[in-house]
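K.L.:
Would you mind keeping the following structure in view while I ask a few things?
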Amino acid sequence: MSKELLIAPSILSADFANLTASLEKISEADLLHVDVMDGRFVPNITYGPLIVKTLKKISDKPLDVHLMIVEPEKYIDAFIDAGADWLSIHQEASIHLQRSLTRIKERGAKAGVVLNPATALETIEYAIEYLDYILLMSVNPGFGGQKFIPNSLRKIEALVKMTERLKPEVIIEIDGGVTLDNIDIVYNAGATMIVSGSGIFKTENPNTTISAMREKCRT
Ligand code: DX5
Ligand code: ZN
């Protein structure tokens, strides 16, 4: 397995009083992961299209927008208009998943589906042909700084087998509790797009951490 590693720091752990400075500290990142929470799908509330638009202005990194909201189909256009390059919606929140994924792709963004830790891979078997990436949650969504759920590794491995069978070019993303300590394990299991919030921003030198993460996945 030799797919390119993409590191996406979650700006949920950034310092919003000094956003530009926070972004400079992660200039080595490949993308910015943007966690949108509505207080309904998850217990927490974060930010909406306005912040995505702001990030687009102050950063040249692609924006990976993770919608943790109910009825995500209502906001697809708003987030793509605001600058989302990658847009993911939860399987659990999407009744008409195929339609929503098709809309995201029609609008020119990369389309992703997210699965909560206890949601089975089989629930998206018939959606795979319409998406570009699958995001597996390795914590229950809602907050940064939680502990990685160990059976996520088994789930990544099973997903690799499923995508190899159905659509090998699909990118597997992992989100929650990934740090320098365990990034090589999730990468070796088959996740190539890796989100890390506190594991990057809460370290002394975020760019050094990102470089160390890449190095760890190389060896
Ligand atoms: C959790 C979010 C994550 C979170 C990751 O609901 O989707 O993206 O910011 O944070 P860490 O890496 O600290 O677990
Ligand atoms: Zn996320």
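Residue names in the structure tokens use chain letters A, B, ... in the order shown, residue numbers from 1 in each chain, and ligand numbers from 1 in the order shown.
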Using only C-alpha atoms and all ligand atoms, which protein or nucleic acid residues are at most 12 Å from ligand 2, as a compact mmCIF listing (two decimals) with all heavy atoms, in the first residue's frame?
P.N.:
```
# COMPACT_ATOMS: atom_id res chain seq x y z
N ALA A 8 -4.17 16.55 7.76
CA ALA A 8 -5.16 17.62 7.84
C ALA A 8 -5.39 18.03 9.31
O ALA A 8 -6.19 17.41 10.01
CB ALA A 8 -6.48 17.13 7.22
N PRO A 9 -4.70 19.05 9.77
CA PRO A 9 -4.93 19.50 11.16
C PRO A 9 -6.35 20.04 11.31
O PRO A 9 -6.85 20.74 10.43
CB PRO A 9 -3.91 20.64 11.34
CG PRO A 9 -2.89 20.42 10.26
CD PRO A 9 -3.62 19.81 9.11
N SER A 10 -6.99 19.67 12.42
CA SER A 10 -8.33 20.17 12.68
C SER A 10 -8.22 21.52 13.37
O SER A 10 -7.69 21.62 14.49
CB SER A 10 -9.10 19.20 13.57
OG SER A 10 -10.25 19.86 14.06
N ILE A 11 -8.79 22.54 12.75
CA ILE A 11 -8.67 23.89 13.32
C ILE A 11 -9.53 24.08 14.56
O ILE A 11 -9.48 25.14 15.19
CB ILE A 11 -8.95 24.99 12.27
CG1 ILE A 11 -10.35 24.81 11.70
CG2 ILE A 11 -7.91 25.02 11.18
CD1 ILE A 11 -11.02 26.13 11.48
N LEU A 12 -10.28 23.04 14.92
CA LEU A 12 -11.03 23.08 16.18
C LEU A 12 -10.09 23.33 17.36
O LEU A 12 -10.47 23.94 18.36
CB LEU A 12 -11.74 21.72 16.37
CG LEU A 12 -12.78 21.57 17.45
CD1 LEU A 12 -13.93 22.54 17.23
CD2 LEU A 12 -13.32 20.13 17.48
N SER A 13 -8.85 22.88 17.23
CA SER A 13 -7.88 23.05 18.32
C SER A 13 -6.98 24.27 18.10
O SER A 13 -6.03 24.48 18.86
CB SER A 13 -7.01 21.79 18.45
OG SER A 13 -7.80 20.69 18.83
N LEU A 32 -6.65 21.82 5.48
CA LEU A 32 -7.19 22.23 6.79
C LEU A 32 -8.51 21.49 6.99
O LEU A 32 -9.38 21.50 6.12
CB LEU A 32 -7.47 23.73 6.83
CG LEU A 32 -6.31 24.69 6.58
CD1 LEU A 32 -6.81 26.14 6.73
CD2 LEU A 32 -5.17 24.41 7.54
N HIS A 33 -8.64 20.85 8.15
CA HIS A 33 -9.88 20.13 8.46
C HIS A 33 -10.78 21.07 9.28
O HIS A 33 -10.36 21.59 10.32
CB HIS A 33 -9.54 18.86 9.25
CG HIS A 33 -10.72 18.00 9.57
ND1 HIS A 33 -11.26 17.11 8.65
CD2 HIS A 33 -11.46 17.88 10.69
CE1 HIS A 33 -12.27 16.48 9.22
NE2 HIS A 33 -12.43 16.94 10.46
N VAL A 34 -12.00 21.26 8.81
CA VAL A 34 -12.89 22.24 9.42
C VAL A 34 -14.14 21.52 9.96
O VAL A 34 -14.95 20.99 9.19
CB VAL A 34 -13.31 23.32 8.38
CG1 VAL A 34 -14.09 24.44 9.05
CG2 VAL A 34 -12.09 23.86 7.64
N ASP A 35 -14.30 21.50 11.27
CA ASP A 35 -15.38 20.75 11.92
C ASP A 35 -16.60 21.63 12.15
O ASP A 35 -16.58 22.53 13.00
CB ASP A 35 -14.88 20.22 13.27
CG ASP A 35 -13.90 19.08 13.10
OD1 ASP A 35 -14.25 18.11 12.40
OD2 ASP A 35 -12.79 19.16 13.65
N VAL A 36 -17.65 21.34 11.41
CA VAL A 36 -18.89 22.12 11.55
C VAL A 36 -19.87 21.34 12.42
O VAL A 36 -20.25 20.22 12.07
CB VAL A 36 -19.49 22.40 10.15
CG1 VAL A 36 -20.82 23.13 10.28
CG2 VAL A 36 -18.50 23.19 9.29
N MET A 37 -20.27 21.91 13.55
CA MET A 37 -21.17 21.22 14.49
C MET A 37 -22.38 22.09 14.78
O MET A 37 -22.24 23.31 14.94
CB MET A 37 -20.43 20.94 15.80
CG MET A 37 -19.14 20.17 15.62
SD MET A 37 -18.41 19.77 17.21
CE MET A 37 -16.82 19.08 16.69
N VAL A 42 -24.51 16.60 16.92
CA VAL A 42 -23.52 16.42 18.00
C VAL A 42 -23.85 17.43 19.09
O VAL A 42 -24.52 18.43 18.83
CB VAL A 42 -22.07 16.63 17.48
CG1 VAL A 42 -21.62 15.49 16.59
CG2 VAL A 42 -21.92 17.95 16.76
N THR A 46 -20.11 24.75 16.66
CA THR A 46 -18.85 25.44 16.30
C THR A 46 -19.11 26.58 15.33
O THR A 46 -19.59 27.63 15.74
CB THR A 46 -17.82 24.45 15.71
OG1 THR A 46 -18.41 23.77 14.60
CG2 THR A 46 -17.34 23.45 16.76
N LEU A 63 -9.59 23.19 1.75
CA LEU A 63 -10.39 23.08 2.97
C LEU A 63 -11.21 21.79 2.95
O LEU A 63 -12.00 21.54 2.03
CB LEU A 63 -11.33 24.28 3.10
CG LEU A 63 -10.66 25.66 3.11
CD1 LEU A 63 -11.73 26.75 3.23
CD2 LEU A 63 -9.64 25.76 4.25
N ASP A 64 -11.00 20.97 3.98
CA ASP A 64 -11.70 19.69 4.15
C ASP A 64 -12.79 19.92 5.19
O ASP A 64 -12.51 19.95 6.39
CB ASP A 64 -10.67 18.65 4.61
CG ASP A 64 -11.28 17.35 5.08
OD1 ASP A 64 -12.33 16.96 4.52
OD2 ASP A 64 -10.71 16.72 6.00
N VAL A 65 -14.01 20.15 4.73
CA VAL A 65 -15.09 20.55 5.64
C VAL A 65 -15.92 19.32 6.05
O VAL A 65 -16.45 18.60 5.21
CB VAL A 65 -15.98 21.63 4.99
CG1 VAL A 65 -17.13 22.01 5.91
CG2 VAL A 65 -15.14 22.86 4.64
N HIS A 66 -15.97 19.08 7.35
CA HIS A 66 -16.64 17.92 7.94
C HIS A 66 -17.93 18.39 8.60
O HIS A 66 -17.89 19.05 9.64
CB HIS A 66 -15.65 17.29 8.96
CG HIS A 66 -16.21 16.19 9.79
ND1 HIS A 66 -15.55 15.71 10.90
CD2 HIS A 66 -17.36 15.47 9.69
CE1 HIS A 66 -16.26 14.73 11.45
NE2 HIS A 66 -17.36 14.57 10.74
N LEU A 67 -19.06 18.07 7.96
CA LEU A 67 -20.34 18.54 8.48
C LEU A 67 -20.90 17.56 9.50
O LEU A 67 -21.28 16.44 9.15
CB LEU A 67 -21.36 18.70 7.33
CG LEU A 67 -21.05 19.73 6.25
CD1 LEU A 67 -22.23 19.83 5.28
CD2 LEU A 67 -20.74 21.10 6.85
N MET A 68 -20.96 17.99 10.74
CA MET A 68 -21.62 17.18 11.79
C MET A 68 -22.93 17.88 12.11
O MET A 68 -23.10 18.49 13.17
CB MET A 68 -20.70 17.11 13.03
CG MET A 68 -19.55 16.15 12.84
SD MET A 68 -18.20 16.47 13.99
CE MET A 68 -17.32 17.72 13.07
N ILE A 69 -23.83 17.82 11.13
CA ILE A 69 -25.10 18.55 11.25
C ILE A 69 -26.23 17.68 10.74
O ILE A 69 -26.01 16.79 9.90
CB ILE A 69 -25.06 19.89 10.46
CG1 ILE A 69 -24.91 19.65 8.94
CG2 ILE A 69 -23.92 20.78 10.93
CD1 ILE A 69 -24.98 20.93 8.09
N LEU A 87 -15.92 18.06 0.90
CA LEU A 87 -17.08 18.23 1.77
C LEU A 87 -17.61 16.85 2.16
O LEU A 87 -17.97 16.05 1.29
CB LEU A 87 -18.17 19.05 1.06
CG LEU A 87 -19.36 19.46 1.92
CD1 LEU A 87 -18.95 20.39 3.06
CD2 LEU A 87 -20.43 20.15 1.06
N SER A 88 -17.67 16.60 3.48
CA SER A 88 -18.17 15.30 3.91
C SER A 88 -19.42 15.44 4.78
O SER A 88 -19.55 16.39 5.55
CB SER A 88 -17.09 14.51 4.65
OG SER A 88 -16.67 15.20 5.81
N ILE A 89 -20.32 14.48 4.59
CA ILE A 89 -21.58 14.46 5.34
C ILE A 89 -21.70 13.10 6.03
O ILE A 89 -21.17 12.10 5.54
CB ILE A 89 -22.78 14.68 4.39
CG1 ILE A 89 -22.79 13.65 3.24
CG2 ILE A 89 -22.76 16.10 3.82
CD1 ILE A 89 -23.97 13.79 2.29
N HIS A 90 -22.38 13.08 7.17
CA HIS A 90 -22.52 11.82 7.90
C HIS A 90 -23.59 10.94 7.27
O HIS A 90 -24.67 11.41 6.92
CB HIS A 90 -22.86 12.09 9.37
CG HIS A 90 -21.65 12.24 10.22
ND1 HIS A 90 -21.18 11.23 11.02
CD2 HIS A 90 -20.78 13.27 10.35
CE1 HIS A 90 -20.08 11.64 11.64
NE2 HIS A 90 -19.82 12.88 11.26
N GLY A 112 -17.45 13.29 0.33
CA GLY A 112 -17.10 12.28 1.32
C GLY A 112 -18.27 11.88 2.19
O GLY A 112 -19.20 12.66 2.40
N VAL A 113 -18.21 10.65 2.68
CA VAL A 113 -19.19 10.18 3.66
C VAL A 113 -18.46 9.86 4.95
O VAL A 113 -17.36 9.29 4.91
CB VAL A 113 -19.94 8.92 3.17
CG1 VAL A 113 -20.81 8.35 4.28
CG2 VAL A 113 -20.80 9.25 1.98
N VAL A 114 -19.07 10.22 6.07
CA VAL A 114 -18.47 9.96 7.37
C VAL A 114 -19.29 8.91 8.11
O VAL A 114 -20.53 8.93 8.06
CB VAL A 114 -18.46 11.24 8.25
CG1 VAL A 114 -17.52 11.05 9.44
CG2 VAL A 114 -18.09 12.47 7.44
N LEU A 115 -18.60 8.02 8.79
CA LEU A 115 -19.26 7.00 9.62
C LEU A 115 -18.86 7.17 11.07
O LEU A 115 -17.66 7.25 11.39
CB LEU A 115 -18.87 5.60 9.16
CG LEU A 115 -19.24 5.17 7.74
CD1 LEU A 115 -18.79 3.73 7.49
CD2 LEU A 115 -20.74 5.29 7.51
N ASN A 116 -19.85 7.20 11.96
CA ASN A 116 -19.57 7.18 13.40
C ASN A 116 -18.93 5.84 13.77
O ASN A 116 -19.06 4.86 13.02
CB ASN A 116 -20.88 7.36 14.17
CG ASN A 116 -21.28 8.82 14.27
OD1 ASN A 116 -20.45 9.72 14.14
ND2 ASN A 116 -22.56 9.06 14.49
N LEU A 135 -14.65 8.95 5.46
CA LEU A 135 -14.05 9.38 6.73
C LEU A 135 -14.57 8.50 7.85
O LEU A 135 -15.78 8.45 8.10
CB LEU A 135 -14.40 10.86 6.97
CG LEU A 135 -14.12 11.49 8.33
CD1 LEU A 135 -12.74 11.18 8.83
CD2 LEU A 135 -14.30 13.00 8.23
N LEU A 136 -13.68 7.77 8.48
CA LEU A 136 -14.05 6.95 9.63
C LEU A 136 -13.77 7.73 10.90
O LEU A 136 -12.63 8.17 11.13
CB LEU A 136 -13.25 5.63 9.66
CG LEU A 136 -13.48 4.66 8.50
CD1 LEU A 136 -12.65 3.38 8.73
CD2 LEU A 136 -14.95 4.31 8.32
N MET A 137 -14.79 7.87 11.74
CA MET A 137 -14.58 8.53 13.04
C MET A 137 -13.96 7.50 13.99
O MET A 137 -14.47 6.40 14.15
CB MET A 137 -15.91 9.01 13.63
CG MET A 137 -16.56 10.18 12.91
SD MET A 137 -15.51 11.61 12.67
CE MET A 137 -15.00 12.04 14.33
N SER A 138 -12.87 7.91 14.62
CA SER A 138 -12.24 7.03 15.61
C SER A 138 -12.49 7.54 17.03
O SER A 138 -11.85 7.10 17.99
CB SER A 138 -10.74 6.88 15.31
OG SER A 138 -10.17 8.09 14.89
N VAL A 139 -13.41 8.52 17.14
CA VAL A 139 -13.99 8.94 18.42
C VAL A 139 -15.46 9.26 18.10
O VAL A 139 -15.81 9.40 16.92
CB VAL A 139 -13.33 10.22 19.00
CG1 VAL A 139 -11.86 10.00 19.31
CG2 VAL A 139 -13.51 11.43 18.08
N ASN A 140 -16.29 9.38 19.11
CA ASN A 140 -17.65 9.86 18.85
C ASN A 140 -17.56 11.36 18.61
O ASN A 140 -16.97 12.09 19.42
CB ASN A 140 -18.57 9.52 20.02
CG ASN A 140 -18.87 8.04 20.05
OD1 ASN A 140 -19.56 7.51 19.19
ND2 ASN A 140 -18.30 7.34 21.02
N PRO A 141 -18.10 11.83 17.48
CA PRO A 141 -17.88 13.22 17.10
C PRO A 141 -18.48 14.21 18.10
O PRO A 141 -19.44 13.90 18.79
CB PRO A 141 -18.56 13.33 15.74
CG PRO A 141 -19.55 12.23 15.70
CD PRO A 141 -18.97 11.13 16.52
N GLY A 142 -17.90 15.39 18.14
CA GLY A 142 -18.43 16.45 19.00
C GLY A 142 -17.35 17.27 19.69
O GLY A 142 -17.52 18.45 19.92
N PHE A 143 -16.24 16.62 19.98
CA PHE A 143 -15.19 17.32 20.74
C PHE A 143 -13.80 16.88 20.29
O PHE A 143 -13.62 15.74 19.87
CB PHE A 143 -15.34 17.02 22.24
CG PHE A 143 -16.70 17.35 22.76
CD1 PHE A 143 -17.69 16.39 22.84
CD2 PHE A 143 -17.02 18.66 23.14
CE1 PHE A 143 -18.97 16.70 23.29
CE2 PHE A 143 -18.29 18.98 23.59
CZ PHE A 143 -19.27 18.00 23.66
N GLY A 144 -12.86 17.81 20.42
CA GLY A 144 -11.47 17.46 20.19
C GLY A 144 -10.88 16.83 21.45
O GLY A 144 -11.51 16.86 22.52
N GLY A 145 -9.72 16.26 21.32
CA GLY A 145 -8.97 15.78 22.48
C GLY A 145 -9.47 14.49 23.10
O GLY A 145 -9.13 14.18 24.24
N GLN A 146 -10.28 13.70 22.38
CA GLN A 146 -10.75 12.43 22.93
C GLN A 146 -9.77 11.30 22.58
O GLN A 146 -8.89 11.46 21.74
CB GLN A 146 -12.12 12.08 22.37
CG GLN A 146 -13.20 13.12 22.63
CD GLN A 146 -14.54 12.67 22.08
OE1 GLN A 146 -15.23 11.84 22.65
NE2 GLN A 146 -14.92 13.22 20.92
N GLU A 173 -10.02 8.37 5.15
CA GLU A 173 -9.62 9.40 6.10
C GLU A 173 -9.98 8.93 7.52
O GLU A 173 -10.99 8.24 7.71
CB GLU A 173 -10.38 10.71 5.76
CG GLU A 173 -10.05 11.89 6.66
CD GLU A 173 -10.74 13.19 6.22
OE1 GLU A 173 -11.74 13.12 5.47
OE2 GLU A 173 -10.27 14.28 6.63
N ILE A 174 -9.18 9.30 8.48
CA ILE A 174 -9.45 8.92 9.87
C ILE A 174 -9.44 10.19 10.73
O ILE A 174 -8.66 11.11 10.48
CB ILE A 174 -8.45 7.86 10.38
CG1 ILE A 174 -8.84 7.30 11.74
CG2 ILE A 174 -7.03 8.41 10.42
CD1 ILE A 174 -9.68 6.08 11.66
N ASP A 175 -10.34 10.23 11.72
CA ASP A 175 -10.52 11.47 12.48
C ASP A 175 -10.84 11.16 13.94
O ASP A 175 -11.86 10.54 14.23
CB ASP A 175 -11.68 12.25 11.83
CG ASP A 175 -11.93 13.60 12.48
OD1 ASP A 175 -11.14 14.01 13.36
OD2 ASP A 175 -12.92 14.25 12.10
N GLY A 176 -9.97 11.60 14.84
CA GLY A 176 -10.23 11.50 16.26
C GLY A 176 -9.16 10.75 17.02
O GLY A 176 -8.92 9.56 16.78
N GLY A 177 -8.47 11.47 17.90
CA GLY A 177 -7.51 10.82 18.78
C GLY A 177 -6.22 10.39 18.11
O GLY A 177 -5.51 9.53 18.64
N VAL A 178 -5.92 10.96 16.95
CA VAL A 178 -4.65 10.59 16.29
C VAL A 178 -3.56 11.58 16.69
O VAL A 178 -3.75 12.80 16.64
CB VAL A 178 -4.80 10.54 14.75
CG1 VAL A 178 -3.47 10.12 14.11
CG2 VAL A 178 -5.91 9.58 14.35
N MET A 193 -5.44 9.73 4.68
CA MET A 193 -5.73 11.14 4.97
C MET A 193 -6.01 11.20 6.46
O MET A 193 -6.96 10.58 6.96
CB MET A 193 -6.94 11.57 4.15
CG MET A 193 -7.29 13.02 4.27
SD MET A 193 -8.34 13.42 2.86
CE MET A 193 -9.02 14.96 3.38
N ILE A 194 -5.17 11.92 7.19
CA ILE A 194 -5.22 11.82 8.64
C ILE A 194 -5.48 13.17 9.29
O ILE A 194 -4.73 14.13 9.08
CB ILE A 194 -3.91 11.17 9.15
CG1 ILE A 194 -3.87 9.72 8.58
CG2 ILE A 194 -3.87 11.17 10.67
CD1 ILE A 194 -2.65 8.93 8.89
N VAL A 195 -6.57 13.20 10.07
CA VAL A 195 -6.93 14.42 10.80
C VAL A 195 -6.30 14.34 12.19
O VAL A 195 -6.30 13.28 12.81
CB VAL A 195 -8.47 14.52 10.94
CG1 VAL A 195 -8.85 15.75 11.76
CG2 VAL A 195 -9.14 14.53 9.57
N SER A 196 -5.78 15.46 12.63
CA SER A 196 -5.30 15.53 14.01
C SER A 196 -5.47 16.95 14.50
O SER A 196 -5.00 17.90 13.85
CB SER A 196 -3.82 15.09 14.08
OG SER A 196 -3.35 15.25 15.39
N GLY A 197 -6.18 17.12 15.60
CA GLY A 197 -6.42 18.45 16.15
C GLY A 197 -5.48 18.74 17.28
O GLY A 197 -4.43 19.38 17.11
N SER A 198 -5.83 18.22 18.47
CA SER A 198 -4.97 18.48 19.64
C SER A 198 -3.59 17.85 19.45
O SER A 198 -2.59 18.39 19.94
CB SER A 198 -5.65 17.95 20.90
OG SER A 198 -6.14 16.65 20.70
```
K.L.:
Return as a PyMOL selection string the full set of residues in stretch 16-208 of chain A whose backbone-based DSSP assignment is strand (DSSP E or B).
P.N.:
chain A and resi 32-38+45+63-68+86-90+110-115+133-137+171-175+193-196
K.L.:
With only C-alpha atoms as the atoms that count, which of A:Arg214, A:Val70, A:Thr119, A:Lys110 lies nearest to A:Ile95?
P.N.:
A:Val70
K.L.:
For the structure I just gave you, how does DSSP split stretch 37-206 of chain A - specifically, which residues are helix (DSSP H, G or I)? Reply as a PyMOL selection string.
P.N.:
chain A and resi 49-58+72-74+76-82+91-93+97-106+121-130+152-166+183-189+198-201+206
K.L.:
Residues near stretch 29-31 of chain A, anyone? I mean within 6 Å using only C-alpha atoms, not counting same-chain ones fewer than 3 positions away, as a VMD selection string.
P.N.:
chain A and resid 6 to 8 26 61 to 63
K.L.:
To one decimal place in Å, what is the distance between atom CA of A:Met213 and atom 13 (O, counted along the ligand's line) of ligand 1?
P.N.:
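Atom 13 (O, counted along the ligand's line) of ligand 1 lies at a distance of 14.9 Å from atom CA of A:Met213.
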K.L.:
Please identify all polymer residues within 8 Å of A:Lys216, counting only C-alpha atoms, omitting same-chain residues fewer than 3 positions from it, and present them as a PyMOL selection string.
P.N.:
chain A and resi 180+183-184+212-213+219
K.L.:
Contacts of A:Pro206 at 8 Å or less, counting only C-alpha atoms, minus same-chain residues fewer than 4 places along, as a ChimeraX atom specification?
P.N.:
/A:25-26,200-202,210
K.L.:
Ranking A:Arg107, A:Lys161, A:Gly83, A:Leu97 by minimum distance to A:Tyr130 and counting only C-alpha atoms, which one comes first?
P.N.:
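When distances to A:Tyr130 are compared using only C-alpha atoms, the smallest one comes from A:Leu97.
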